[in-house]
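Colleague: What follows is the file structure-v4.cif, containing mmCIF, C-alpha atoms and all ligand atoms:
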```
data_start
#
loop_
_atom_site.label_atom_id
_atom_site.label_comp_id
_atom_site.auth_asym_id
_atom_site.auth_seq_id
_atom_site.Cartn_x
_atom_site.Cartn_y
_atom_site.Cartn_z
CA MET A 206 22.53 -21.51 2.99
CA SER A 207 22.90 -17.96 1.62
CA VAL A 208 19.92 -15.63 1.52
CA GLU A 209 19.92 -15.55 -2.29
CA HIS A 210 20.13 -19.34 -2.48
CA GLY A 211 17.28 -19.70 0.03
CA LEU A 212 15.09 -17.33 -1.95
CA ALA A 213 15.79 -19.11 -5.22
CA ALA A 214 15.44 -22.62 -3.78
CA SER A 215 11.84 -22.10 -2.72
CA ARG A 216 9.48 -20.03 -4.81
CA ARG A 217 6.84 -19.82 -2.09
CA TRP A 218 6.05 -16.52 -0.37
CA LEU A 219 3.67 -15.29 2.28
CA VAL A 220 2.28 -11.89 1.29
CA THR A 221 0.11 -10.03 3.78
CA GLY A 222 -2.46 -7.35 2.97
CA GLY A 223 -2.61 -8.54 -0.63
CA LEU A 224 -6.27 -7.62 -1.06
CA GLY A 225 -5.50 -3.94 -0.55
CA PHE A 226 -4.35 -1.41 -3.08
CA ILE A 227 -0.59 -1.90 -3.53
CA GLY A 228 -0.48 -5.51 -2.33
CA SER A 229 -2.93 -6.61 -5.04
CA HIS A 230 -0.78 -5.01 -7.76
CA PHE A 231 2.26 -6.73 -6.24
CA ILE A 232 0.68 -10.20 -6.25
CA ARG A 233 -0.62 -9.84 -9.81
CA ILE A 234 2.78 -8.70 -11.13
CA ALA A 235 4.84 -11.20 -9.09
CA LEU A 236 2.76 -14.19 -10.27
CA ALA A 237 2.89 -12.99 -13.89
CA GLU A 238 6.66 -12.46 -13.84
CA ASP A 239 7.65 -15.77 -12.24
CA PRO A 240 5.82 -18.90 -13.44
CA GLU A 241 7.31 -20.97 -10.58
CA LEU A 242 6.16 -18.65 -7.82
CA GLU A 243 3.44 -19.62 -5.31
CA ILE A 244 1.86 -17.00 -3.04
CA VAL A 245 -0.29 -17.30 0.05
CA ASN A 246 -2.09 -14.02 0.70
CA LEU A 247 -2.99 -13.45 4.36
CA ASP A 248 -5.47 -10.60 4.63
CA ALA A 249 -8.00 -9.71 7.31
CA LEU A 250 -10.38 -8.17 4.75
CA THR A 251 -10.79 -4.95 6.69
CA TYR A 252 -12.78 -2.12 5.10
CA ALA A 253 -9.76 -1.60 2.77
CA GLY A 254 -9.44 -5.20 1.60
CA ASN A 255 -11.42 -6.21 -1.45
CA LEU A 256 -11.70 -9.60 -3.12
CA MET A 257 -12.47 -7.89 -6.42
CA ASN A 258 -8.90 -6.55 -6.48
CA LEU A 259 -7.55 -10.00 -7.31
CA ARG A 260 -10.44 -11.49 -9.23
CA ASP A 261 -8.10 -12.26 -12.13
CA VAL A 262 -5.73 -14.45 -10.08
CA GLU A 263 -8.02 -16.06 -7.52
CA CYS A 264 -8.42 -19.25 -9.57
CA SER A 265 -4.69 -19.71 -10.11
CA SER A 266 -3.28 -22.89 -8.57
CA ARG A 267 -0.27 -20.79 -7.50
CA TYR A 268 -2.38 -18.44 -5.38
CA ARG A 269 -4.18 -19.07 -2.10
CA PHE A 270 -6.10 -16.55 -0.02
CA VAL A 271 -6.29 -17.02 3.72
CA ARG A 272 -8.46 -14.72 5.74
CA GLY A 273 -6.74 -13.75 8.97
CA ASP A 274 -5.24 -11.03 11.10
CA ILE A 275 -1.45 -10.55 11.19
CA SER A 276 -1.62 -9.71 14.89
CA ASP A 277 -3.08 -13.17 15.61
CA PRO A 278 -0.17 -15.68 15.96
CA ALA A 279 -2.44 -18.67 15.25
CA ALA A 280 -3.74 -17.12 12.03
CA VAL A 281 -0.21 -16.35 10.86
CA LYS A 282 1.01 -19.84 11.71
CA ALA A 283 -1.88 -21.38 9.76
CA ALA A 284 -1.00 -19.29 6.71
CA ILE A 285 2.65 -20.27 6.60
CA ASP A 286 3.16 -23.18 4.21
CA PRO A 287 6.17 -25.46 4.65
CA GLY A 288 9.16 -24.16 2.74
CA VAL A 289 8.06 -20.53 2.63
CA SER A 290 11.14 -18.48 1.71
CA ALA A 291 9.93 -14.90 2.04
CA ILE A 292 7.40 -12.82 3.93
CA VAL A 293 6.34 -9.53 2.36
CA ASN A 294 4.27 -7.40 4.72
CA PHE A 295 1.85 -4.96 3.10
CA ALA A 296 -0.88 -5.38 5.74
CA ALA A 297 -1.52 -2.10 7.51
CA GLU A 298 -4.01 0.46 8.55
CA SER A 299 -3.01 3.02 5.95
CA HIS A 300 -5.07 6.19 6.19
CA VAL A 301 -3.73 9.19 8.14
CA ASP A 302 -7.17 10.76 8.68
CA ARG A 303 -8.50 7.57 10.30
CA SER A 304 -5.44 7.40 12.57
CA LEU A 305 -6.24 10.89 13.86
CA ILE A 306 -9.67 9.66 14.95
CA ASP A 307 -8.65 6.29 16.44
CA ALA A 308 -5.02 5.17 16.68
CA GLU A 309 -5.73 1.77 18.28
CA PRO A 310 -6.16 -0.30 15.09
CA PHE A 311 -2.93 1.27 13.83
CA LYS A 312 -0.99 0.06 16.86
CA LYS A 313 -2.53 -3.40 16.61
CA THR A 314 -1.79 -4.01 12.93
CA ASN A 315 1.19 -1.77 12.18
CA VAL A 316 3.14 -2.60 15.35
CA THR A 317 1.86 -5.77 17.06
CA GLY A 318 1.20 -7.38 13.68
CA VAL A 319 4.77 -6.76 12.57
CA ARG A 320 6.12 -8.41 15.73
CA VAL A 321 3.92 -11.47 15.20
CA LEU A 322 5.14 -11.77 11.60
CA LEU A 323 8.78 -11.42 12.68
CA GLU A 324 8.34 -14.26 15.20
CA ALA A 325 6.79 -16.35 12.42
CA ALA A 326 9.74 -15.47 10.17
CA ILE A 327 12.12 -16.90 12.79
CA ALA A 328 10.07 -20.07 13.20
CA ALA A 329 9.89 -20.59 9.42
CA ARG A 330 13.56 -19.61 8.88
CA VAL A 331 12.66 -17.43 5.91
CA ALA A 332 15.43 -16.08 3.66
CA ARG A 333 13.80 -12.65 3.42
CA PHE A 334 11.42 -10.52 5.49
CA LEU A 335 10.38 -7.38 3.64
CA GLN A 336 8.55 -4.67 5.53
CA VAL A 337 6.63 -2.28 3.26
CA SER A 338 7.01 1.14 4.84
CA THR A 339 6.44 4.69 3.70
CA ASP A 340 8.08 8.08 3.08
CA GLU A 341 5.81 9.41 5.84
CA VAL A 342 8.16 7.98 8.51
CA TYR A 343 10.60 10.85 7.76
CA GLY A 344 8.01 13.50 8.54
CA ASP A 345 8.34 16.95 6.99
CA ALA A 346 11.19 17.41 4.51
CA VAL A 347 11.77 21.12 4.93
CA THR A 348 14.40 21.36 2.17
CA GLY A 349 16.20 19.02 -0.21
CA GLU A 350 15.69 15.26 -0.52
CA LEU A 351 15.90 12.86 2.41
CA SER A 352 18.11 9.78 2.18
CA GLU A 353 17.76 6.44 3.94
CA GLU A 354 20.20 7.75 6.57
CA SER A 355 17.97 10.72 7.47
CA PRO A 356 16.37 10.54 10.92
CA LEU A 357 12.79 9.33 11.19
CA SER A 358 10.48 12.00 12.56
CA PRO A 359 6.87 10.85 12.15
CA SER A 360 4.15 13.35 12.95
CA ASN A 361 0.84 11.51 13.06
CA PRO A 362 -0.39 8.21 14.54
CA TYR A 363 -0.20 6.44 11.16
CA SER A 364 3.40 7.41 10.41
CA ALA A 365 4.41 6.87 14.05
CA SER A 366 3.04 3.32 13.91
CA LYS A 367 4.90 2.65 10.64
CA ALA A 368 8.14 3.98 12.17
CA GLU A 369 7.60 1.74 15.20
CA GLY A 370 7.09 -1.19 12.84
CA GLU A 371 10.43 -0.37 11.22
CA ALA A 372 12.12 -0.16 14.63
CA LEU A 373 10.87 -3.67 15.43
CA VAL A 374 12.17 -4.97 12.13
CA GLN A 375 15.63 -3.59 12.91
CA GLU A 376 15.46 -4.95 16.46
CA TYR A 377 14.77 -8.46 15.11
CA ARG A 378 17.64 -8.09 12.63
CA ARG A 379 20.09 -7.12 15.37
CA ASP A 380 18.93 -9.39 18.17
CA ARG A 381 17.54 -12.41 16.35
CA GLY A 382 19.35 -12.35 13.00
CA VAL A 383 16.22 -12.05 10.84
CA PRO A 384 17.24 -11.16 7.24
CA VAL A 385 15.16 -8.02 6.84
CA LEU A 386 14.58 -5.41 4.16
CA VAL A 387 12.53 -2.22 4.31
CA THR A 388 11.05 -0.19 1.46
CA ARG A 389 9.84 3.38 1.94
CA GLY A 390 7.50 4.24 -0.91
CA SER A 391 6.18 7.63 -1.92
CA ASN A 392 2.48 8.51 -2.09
CA THR A 393 1.05 5.90 -4.43
CA TYR A 394 -1.74 6.18 -6.99
CA GLY A 395 -3.39 3.99 -9.62
CA PRO A 396 -6.33 1.61 -10.13
CA TYR A 397 -7.92 -0.14 -7.12
CA GLN A 398 -7.08 2.59 -4.59
CA TYR A 399 -9.74 2.99 -1.92
CA PRO A 400 -11.55 6.27 -2.58
CA GLU A 401 -10.76 7.82 0.79
CA LYS A 402 -7.31 8.81 -0.54
CA LEU A 403 -6.75 12.11 -2.37
CA ILE A 404 -6.55 11.01 -6.03
CA PRO A 405 -9.42 8.48 -6.16
CA LEU A 406 -11.53 10.72 -3.90
CA CYS A 407 -11.10 13.62 -6.33
CA ILE A 408 -11.76 11.49 -9.42
CA THR A 409 -14.88 9.78 -8.08
CA ASN A 410 -16.27 13.06 -6.71
CA LEU A 411 -15.71 14.76 -10.05
CA ILE A 412 -17.37 11.92 -11.97
CA ASP A 413 -20.39 12.49 -9.70
CA ASN A 414 -20.29 16.26 -10.33
CA GLU A 415 -19.23 16.88 -6.70
CA SER A 416 -16.38 19.14 -5.60
CA VAL A 417 -12.93 18.13 -4.37
CA PRO A 418 -12.05 19.01 -0.76
CA LEU A 419 -8.54 20.42 -0.43
CA TYR A 420 -7.07 20.61 3.05
CA GLY A 421 -5.89 24.14 3.98
CA ASP A 422 -4.21 26.07 1.18
CA GLY A 423 -3.49 22.92 -0.87
CA MET A 424 0.19 23.85 -1.11
CA GLN A 425 1.41 20.68 0.61
CA VAL A 426 3.89 18.80 -1.57
CA ARG A 427 3.77 15.05 -2.18
CA ASP A 428 5.85 12.83 -4.48
CA TRP A 429 3.71 10.43 -6.54
CA LEU A 430 4.52 6.84 -7.55
CA HIS A 431 2.33 4.56 -9.67
CA ALA A 432 1.21 1.39 -7.85
CA GLU A 433 2.72 -0.86 -10.54
CA ASP A 434 6.06 0.91 -10.22
CA HIS A 435 5.81 0.64 -6.43
CA ALA A 436 5.09 -3.11 -6.71
CA ARG A 437 8.03 -3.62 -9.11
CA GLY A 438 10.29 -1.65 -6.77
CA ILE A 439 9.38 -3.95 -3.88
CA LEU A 440 10.00 -7.03 -6.08
CA HIS A 441 13.35 -5.58 -7.04
CA VAL A 442 14.42 -4.91 -3.46
CA LEU A 443 13.22 -8.37 -2.45
CA GLY A 444 15.43 -9.94 -5.10
CA SER A 445 18.48 -7.66 -4.98
CA GLY A 446 18.41 -5.63 -1.76
CA VAL A 447 21.18 -6.03 0.77
CA SER A 448 19.85 -7.61 3.95
CA GLY A 449 19.39 -5.10 6.79
CA ASN A 450 18.91 -2.14 4.45
CA ALA A 451 16.09 0.31 3.84
CA TYR A 452 15.39 1.59 0.31
CA ASN A 453 13.47 4.71 -0.68
CA LEU A 454 11.11 4.08 -3.60
CA ALA A 455 10.63 7.62 -4.87
CA GLY A 456 8.31 8.47 -7.74
CA GLY A 457 10.15 11.55 -8.98
CA ASN A 458 6.84 13.39 -9.39
CA SER A 459 6.71 16.14 -6.76
CA CYS A 460 3.66 18.30 -6.88
CA THR A 461 1.30 20.29 -4.67
CA ASN A 462 -2.12 18.94 -3.82
CA LEU A 463 -3.58 22.00 -5.54
CA GLU A 464 -1.76 21.03 -8.74
CA ILE A 465 -3.09 17.46 -8.49
CA ALA A 466 -6.61 18.82 -8.04
CA HIS A 467 -6.23 21.08 -11.10
CA ARG A 468 -4.93 18.21 -13.25
CA LEU A 469 -7.86 16.02 -12.23
CA LEU A 470 -10.38 18.83 -12.75
CA GLY A 471 -9.01 19.19 -16.28
CA ALA A 472 -9.09 15.43 -16.94
CA CYS A 473 -12.72 15.26 -15.77
CA GLY A 474 -13.81 18.42 -17.61
CA ARG A 475 -14.77 20.39 -14.47
CA SER A 476 -13.97 23.97 -13.50
CA PRO A 477 -12.02 24.97 -10.37
CA LEU A 478 -14.53 27.76 -9.86
CA THR A 479 -17.35 25.33 -9.21
CA HIS A 480 -15.61 22.08 -8.22
CA LEU A 481 -12.76 23.03 -5.90
CA ARG A 482 -13.32 23.78 -2.22
CA HIS A 483 -10.79 24.52 0.49
CA VAL A 484 -11.69 22.82 3.78
CA SER A 485 -10.12 22.82 7.27
CA ASP A 486 -6.57 21.57 7.27
CA ARG A 487 -5.56 18.16 8.67
CA PRO A 488 -4.07 18.68 12.18
CA ASN A 489 -0.26 18.60 12.14
CA HIS A 490 -0.32 18.20 8.36
CA ASP A 491 3.17 17.51 6.94
CA ARG A 492 4.00 20.23 4.45
CA ARG A 493 6.38 18.39 2.18
CA TYR A 494 7.66 14.87 1.48
CA ALA A 495 10.75 14.45 -0.70
CA MET A 496 13.15 11.51 -0.85
CA SER A 497 16.24 10.67 -2.87
CA GLY A 498 15.76 7.48 -4.86
CA ALA A 499 19.48 7.04 -5.59
CA LYS A 500 19.99 3.94 -3.44
CA ALA A 501 17.18 1.98 -5.15
CA HIS A 502 18.33 3.27 -8.56
CA ALA A 503 21.77 1.81 -7.84
CA LEU A 504 20.06 -1.59 -7.42
CA GLY A 505 18.65 -1.19 -10.94
CA TRP A 506 15.06 -0.10 -10.21
CA ARG A 507 13.46 3.05 -11.58
CA PRO A 508 9.82 4.00 -11.95
CA ARG A 509 8.69 3.47 -15.56
CA ILE A 510 5.26 5.10 -15.77
CA PRO A 511 5.26 8.84 -16.63
CA PHE A 512 3.02 10.78 -14.26
CA ASP A 513 0.81 12.25 -17.02
CA THR A 514 0.17 8.81 -18.51
CA GLY A 515 -0.38 7.17 -15.13
CA LEU A 516 -2.77 9.87 -13.98
CA SER A 517 -4.89 9.90 -17.14
CA GLU A 518 -5.04 6.08 -17.20
CA THR A 519 -6.11 6.13 -13.56
CA VAL A 520 -8.92 8.59 -14.36
CA GLU A 521 -10.02 6.29 -17.20
CA TRP A 522 -9.91 3.25 -14.90
CA TYR A 523 -12.26 4.89 -12.38
CA LYS A 524 -14.56 5.98 -15.21
CA SER A 525 -14.68 2.40 -16.53
CA ASN A 526 -14.95 0.67 -13.15
CA GLU A 527 -17.80 2.49 -11.45
CA GLU A 528 -19.14 -0.75 -10.02
CA TRP A 529 -15.91 -1.18 -8.05
CA TRP A 530 -15.99 2.18 -6.27
CA ARG A 531 -19.72 2.88 -6.11
CA ARG A 532 -20.22 -0.05 -3.75
CA ILE A 533 -17.56 1.40 -1.46
CA LYS A 534 -18.99 4.89 -1.60
CA ARG A 535 -22.47 3.58 -0.85
CA GLY A 536 -21.07 2.08 2.31
CA GLU A 537 -22.50 -1.39 1.79
CA PHE A 538 -19.30 -2.86 0.58
CA THR A 539 -18.02 -4.85 3.54
CA ALA A 540 -21.43 -6.23 4.38
CA TYR A 541 -21.94 -7.19 0.75
CA TRP A 542 -18.78 -9.23 0.53
CA GLU A 543 -19.35 -10.84 3.90
CA ARG A 544 -22.75 -11.98 2.69
CA GLN A 545 -21.58 -13.16 -0.71
CA TYR A 546 -18.24 -14.73 0.00
CA GLY A 547 -17.60 -14.87 3.76
CA ALA A 548 -18.46 -18.53 4.27
CA ARG A 549 -16.77 -19.73 1.12
CA PHE A 550 -13.49 -18.08 1.94
CA GLU A 551 -13.57 -19.09 5.60
CA GLU A 552 -13.81 -22.67 4.31
CA ARG A 553 -10.82 -22.25 2.03
CA ALA A 554 -8.83 -20.71 4.88
P1 LIG A 601 -4.68 -0.49 1.89
O1 LIG A 601 -5.28 0.20 3.04
O2 LIG A 601 -5.24 -0.30 0.52
O3 LIG A 601 -4.69 -2.09 2.14
C1 LIG A 601 -4.33 -2.66 3.37
C2 LIG A 601 -4.64 -4.15 3.29
O4 LIG A 601 -4.21 -4.74 4.51
C3 LIG A 601 -6.12 -4.45 3.15
O5 LIG A 601 -6.32 -5.50 2.22
C4 LIG A 601 -6.54 -4.89 4.55
O6 LIG A 601 -7.62 -5.80 4.54
C5 LIG A 601 -5.25 -5.55 5.04
N1 LIG A 601 -5.13 -5.53 6.50
C6 LIG A 601 -5.29 -4.46 7.34
N2 LIG A 601 -5.11 -4.86 8.61
C7 LIG A 601 -4.80 -6.18 8.57
C8 LIG A 601 -4.46 -7.15 9.57
N3 LIG A 601 -4.43 -6.84 10.88
N4 LIG A 601 -4.17 -8.40 9.17
C9 LIG A 601 -4.21 -8.73 7.86
N5 LIG A 601 -4.52 -7.88 6.88
C10 LIG A 601 -4.81 -6.60 7.24
O7 LIG A 601 -3.14 -0.13 1.93
P2 LIG A 601 -2.13 0.26 0.74
O8 LIG A 601 -2.35 1.67 0.37
O9 LIG A 601 -2.18 -0.81 -0.29
O10 LIG A 601 -0.74 0.18 1.52
C11 LIG A 601 -0.05 -1.07 1.60
C12 LIG A 601 1.24 -0.84 2.37
O11 LIG A 601 2.02 0.15 1.70
C13 LIG A 601 1.02 -0.33 3.79
O12 LIG A 601 1.94 -0.98 4.63
C14 LIG A 601 1.31 1.16 3.69
O13 LIG A 601 1.80 1.66 4.91
C15 LIG A 601 2.35 1.19 2.60
N6 LIG A 601 2.43 2.42 1.79
C16 LIG A 601 1.30 2.94 1.22
C17 LIG A 601 1.40 4.08 0.43
C18 LIG A 601 0.19 4.69 -0.24
O14 LIG A 601 0.29 5.81 -0.76
N7 LIG A 601 -0.94 4.02 -0.28
C19 LIG A 601 2.64 4.69 0.23
C20 LIG A 601 3.77 4.12 0.82
C21 LIG A 601 3.65 2.97 1.59
P1 LIG A 602 -3.80 11.05 1.31
O1 LIG A 602 -4.22 10.53 -0.02
O2 LIG A 602 -4.72 10.89 2.47
O3 LIG A 602 -2.40 10.38 1.61
P2 LIG A 602 -1.35 10.72 2.80
O4 LIG A 602 -2.00 11.48 3.87
O5 LIG A 602 -0.93 9.35 3.19
O6 LIG A 602 -0.25 11.48 2.14
O7 LIG A 602 -3.46 12.60 1.19
C1 LIG A 602 -2.54 13.08 0.23
C2 LIG A 602 -2.47 14.57 0.42
O8 LIG A 602 -3.75 15.13 0.07
C3 LIG A 602 -2.23 14.98 1.85
O9 LIG A 602 -1.40 16.14 1.86
C4 LIG A 602 -3.61 15.33 2.39
C5 LIG A 602 -4.32 15.84 1.16
N1 LIG A 602 -5.77 15.63 1.12
C6 LIG A 602 -6.64 16.69 0.85
O10 LIG A 602 -6.21 17.84 0.64
N2 LIG A 602 -7.98 16.43 0.81
C7 LIG A 602 -8.49 15.19 1.05
O11 LIG A 602 -9.74 15.03 1.03
C8 LIG A 602 -7.60 14.11 1.31
C9 LIG A 602 -8.11 12.73 1.57
C10 LIG A 602 -6.24 14.38 1.33
#
```
Could I get this structure in the form of structure tokens?

Modeller:
Amino acid sequence: MSVEHGLAASRRWLVTGGLGFIGSHFIRIALAEDPELEIVNLDALTYAGNLMNLRDVECSSRYRFVRGDISDPAAVKAAIDPGVSAIVNFAAESHVDRSLIDAEPFKKTNVTGVRVLLEAAIAARVARFLQVSTDEVYGDAVTGELSEESPLSPSNPYSASKAEGEALVQEYRRDRGVPVLVTRGSNTYGPYQYPEKLIPLCITNLIDNESVPLYGDGMQVRDWLHAEDHARGILHVLGSGVSGNAYNLAGGNSCTNLEIAHRLLGACGRSPLTHLRHVSDRPNHDRRYAMSGAKAHALGWRPRIPFDTGLSETVEWYKSNEEWWRRIKRGEFTAYWERQYGARFEERA
């Protein structure tokens, strides 16, 4: 059975980390675009997972949430329905600053978890295993744009763990014949992003009349990709990517952190004189990320959302969804959801 045939024959996927930022956009878009598709979402509901992110699909008969850890083989086995044709792995510890404080959870989820999922992919004979990775695995791009052939040179525990996850994926392709794909997305922004990351942190601080903390001189360059474009890029690679390949999903919106801060200050009606503060730099902070998106463009994917539109809609979303982020910022979020929904979702799992 060919990979394409296998994928088409069963419209049942295991998605992991689907209650996080990008995974929730992916599940919403995938279910909307394919009326035959069924998704099981395996998510450990760490501090970054949030049931509210998929409120609009949780009652769908084509969606099932299972609470569990991807590094736990029994949990993964229990989440794999018969006939599953693809595994799409979003689950990760995703924040660089946290990895600098404690790298252990990063190793457990981003490395051990990937191995457990790859073993499950072999047992289930899936037609596709897609590992969601990041532009951060390349490390600093001193000049030009990096291609998929550029060496990986990660420089912090987060990016090192993602690179190690990729190495495992390639090992399982070579040694065990798993039909794998890798996507390397740029810095992503949009609704439902946990407010520890630069853009939602700035917006929510500015709404509250607080300042935005810029690391060092703020001249670090990042390339920005809207979460919906990122999700569509992953769907595209899943459907059309050539097994064994990695694909850069570049946003085409390179800009310094200082520029981002200024745009957001403007959108929130605050002045840089009063609401911008330079703080100590992140240790070993990568200066610049820049990737060529040509390989994914050749598959037929391109980001659709202009940066200006995406950024102003994101500001509006945070202004209109204070309930979503205020709970997180108050720090009662995890406990709240455990209390409200823990038992109910354990039962469903
Ligand atoms: P996120 O932190 O918002 O969400 C991560 C999700 O994974 C959460 O729902 C969490 O509960 C779940 N999770 C964590 N550990 C788990 C475990 N052991 N088992 C099961 N579930 C677990 O992350 P995100 O920003 O949506 O990133 C998703 C993926 O995309 C990650 O693999 C990340 O490396 C990659 N990526 C992110 C960006 C970005 O800018 N955010 C850019 C490129 C690539
Ligand atoms: P972040 O959103 O943490 O994503 P990543 O580290 O995965 O790229 O950071 C984006 C950029 O913004 C990065 O160069 C670090 C910088 N930054 C700040 O200047 N201040 C902040 O408070 C944060 C969270 C990030």

Colleague: Kindly indicate which residue among A:Val442, A:Val316, A:Ala296, A:Val417 lies nearest to A:Leu478, using only C-alpha atoms for the distances.

Modeller: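 Of A:Val442, A:Val316, A:Ala296, A:Val417, the one nearest A:Leu478, counting only C-alpha atoms, is A:Val417.
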
Colleague: Go through A:Asn414, A:Thr314, A:Ser265, A:Asn258 and flag the residue nearest ligand LIG 601 (chain A), using all atoms listed in the file for the distances.

Modeller: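 Residue with the minimum atom-to-atom distance to ligand LIG 601 (chain A): A:Thr314.
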
Colleague: Mind giving me the straight-line distance from atom O8 of ligand LIG 602 (chain A) to atom CA of A:Ser459 in Å, one decimal?

Modeller: 12.5 Å

Colleague: Give me, as an MDAnalysis selection string, the set of residues whose atoms come within 7 Å of any atom of ligand LIG 601 (chain A), counting only C-alpha atoms and all ligand atoms.

Modeller: chainID A and resid 221:228 247:255 273:276 294:300 313:314 318 337:340 367 389:394 398:399

Colleague: Would you list the residues that come within 10 Å of ligand LIG 602 (chain A)? Count only C-alpha atoms and all ligand atoms and give the answer as a PDB file with C-alpha atoms, keeping the file's coordinate frame.

Modeller:
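Written out: selection00.pdb:
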```pdb
ATOM      1  CA  SER A 299      -3.010   3.020   5.950  1.00  0.00           C
ATOM      2  CA  HIS A 300      -5.070   6.190   6.190  1.00  0.00           C
ATOM      3  CA  VAL A 301      -3.730   9.190   8.140  1.00  0.00           C
ATOM      4  CA  ASP A 302      -7.170  10.760   8.680  1.00  0.00           C
ATOM      5  CA  ARG A 303      -8.500   7.570  10.300  1.00  0.00           C
ATOM      6  CA  THR A 339       6.440   4.690   3.700  1.00  0.00           C
ATOM      7  CA  ASP A 340       8.080   8.080   3.080  1.00  0.00           C
ATOM      8  CA  GLU A 341       5.810   9.410   5.840  1.00  0.00           C
ATOM      9  CA  ASN A 361       0.840  11.510  13.060  1.00  0.00           C
ATOM     10  CA  TYR A 363      -0.200   6.440  11.160  1.00  0.00           C
ATOM     11  CA  SER A 364       3.400   7.410  10.410  1.00  0.00           C
ATOM     12  CA  SER A 391       6.180   7.630  -1.920  1.00  0.00           C
ATOM     13  CA  ASN A 392       2.480   8.510  -2.090  1.00  0.00           C
ATOM     14  CA  THR A 393       1.050   5.900  -4.430  1.00  0.00           C
ATOM     15  CA  TYR A 394      -1.740   6.180  -6.990  1.00  0.00           C
ATOM     16  CA  GLN A 398      -7.080   2.590  -4.590  1.00  0.00           C
ATOM     17  CA  TYR A 399      -9.740   2.990  -1.920  1.00  0.00           C
ATOM     18  CA  PRO A 400     -11.550   6.270  -2.580  1.00  0.00           C
ATOM     19  CA  GLU A 401     -10.760   7.820   0.790  1.00  0.00           C
ATOM     20  CA  LYS A 402      -7.310   8.810  -0.540  1.00  0.00           C
ATOM     21  CA  LEU A 403      -6.750  12.110  -2.370  1.00  0.00           C
ATOM     22  CA  ILE A 404      -6.550  11.010  -6.030  1.00  0.00           C
ATOM     23  CA  PRO A 405      -9.420   8.480  -6.160  1.00  0.00           C
ATOM     24  CA  LEU A 406     -11.530  10.720  -3.900  1.00  0.00           C
ATOM     25  CA  CYS A 407     -11.100  13.620  -6.330  1.00  0.00           C
ATOM     26  CA  VAL A 417     -12.930  18.130  -4.370  1.00  0.00           C
ATOM     27  CA  PRO A 418     -12.050  19.010  -0.760  1.00  0.00           C
ATOM     28  CA  LEU A 419      -8.540  20.420  -0.430  1.00  0.00           C
ATOM     29  CA  TYR A 420      -7.070  20.610   3.050  1.00  0.00           C
ATOM     30  CA  GLY A 421      -5.890  24.140   3.980  1.00  0.00           C
ATOM     31  CA  ASP A 422      -4.210  26.070   1.180  1.00  0.00           C
ATOM     32  CA  GLY A 423      -3.490  22.920  -0.870  1.00  0.00           C
ATOM     33  CA  MET A 424       0.190  23.850  -1.110  1.00  0.00           C
ATOM     34  CA  GLN A 425       1.410  20.680   0.610  1.00  0.00           C
ATOM     35  CA  VAL A 426       3.890  18.800  -1.570  1.00  0.00           C
ATOM     36  CA  ARG A 427       3.770  15.050  -2.180  1.00  0.00           C
ATOM     37  CA  ASP A 428       5.850  12.830  -4.480  1.00  0.00           C
ATOM     38  CA  TRP A 429       3.710  10.430  -6.540  1.00  0.00           C
ATOM     39  CA  THR A 461       1.300  20.290  -4.670  1.00  0.00           C
ATOM     40  CA  ASN A 462      -2.120  18.940  -3.820  1.00  0.00           C
ATOM     41  CA  LEU A 463      -3.580  22.000  -5.540  1.00  0.00           C
ATOM     42  CA  ILE A 465      -3.090  17.460  -8.490  1.00  0.00           C
ATOM     43  CA  ALA A 466      -6.610  18.820  -8.040  1.00  0.00           C
ATOM     44  CA  ARG A 482     -13.320  23.780  -2.220  1.00  0.00           C
ATOM     45  CA  HIS A 483     -10.790  24.520   0.490  1.00  0.00           C
ATOM     46  CA  VAL A 484     -11.690  22.820   3.780  1.00  0.00           C
ATOM     47  CA  SER A 485     -10.120  22.820   7.270  1.00  0.00           C
ATOM     48  CA  ASP A 486      -6.570  21.570   7.270  1.00  0.00           C
ATOM     49  CA  ARG A 487      -5.560  18.160   8.670  1.00  0.00           C
ATOM     50  CA  HIS A 490      -0.320  18.200   8.360  1.00  0.00           C
ATOM     51  CA  ASP A 491       3.170  17.510   6.940  1.00  0.00           C
ATOM     52  CA  ARG A 492       4.000  20.230   4.450  1.00  0.00           C
ATOM     53  CA  ARG A 493       6.380  18.390   2.180  1.00  0.00           C
ATOM     54  CA  TYR A 494       7.660  14.870   1.480  1.00  0.00           C
TER      55      TYR A 494
END
```

Colleague: Could you work out how far atom CA of A:Ala365 lies from atom CA of A:Ile232, giving the answer in Å with one decimal?

Modeller: 26.8 Å
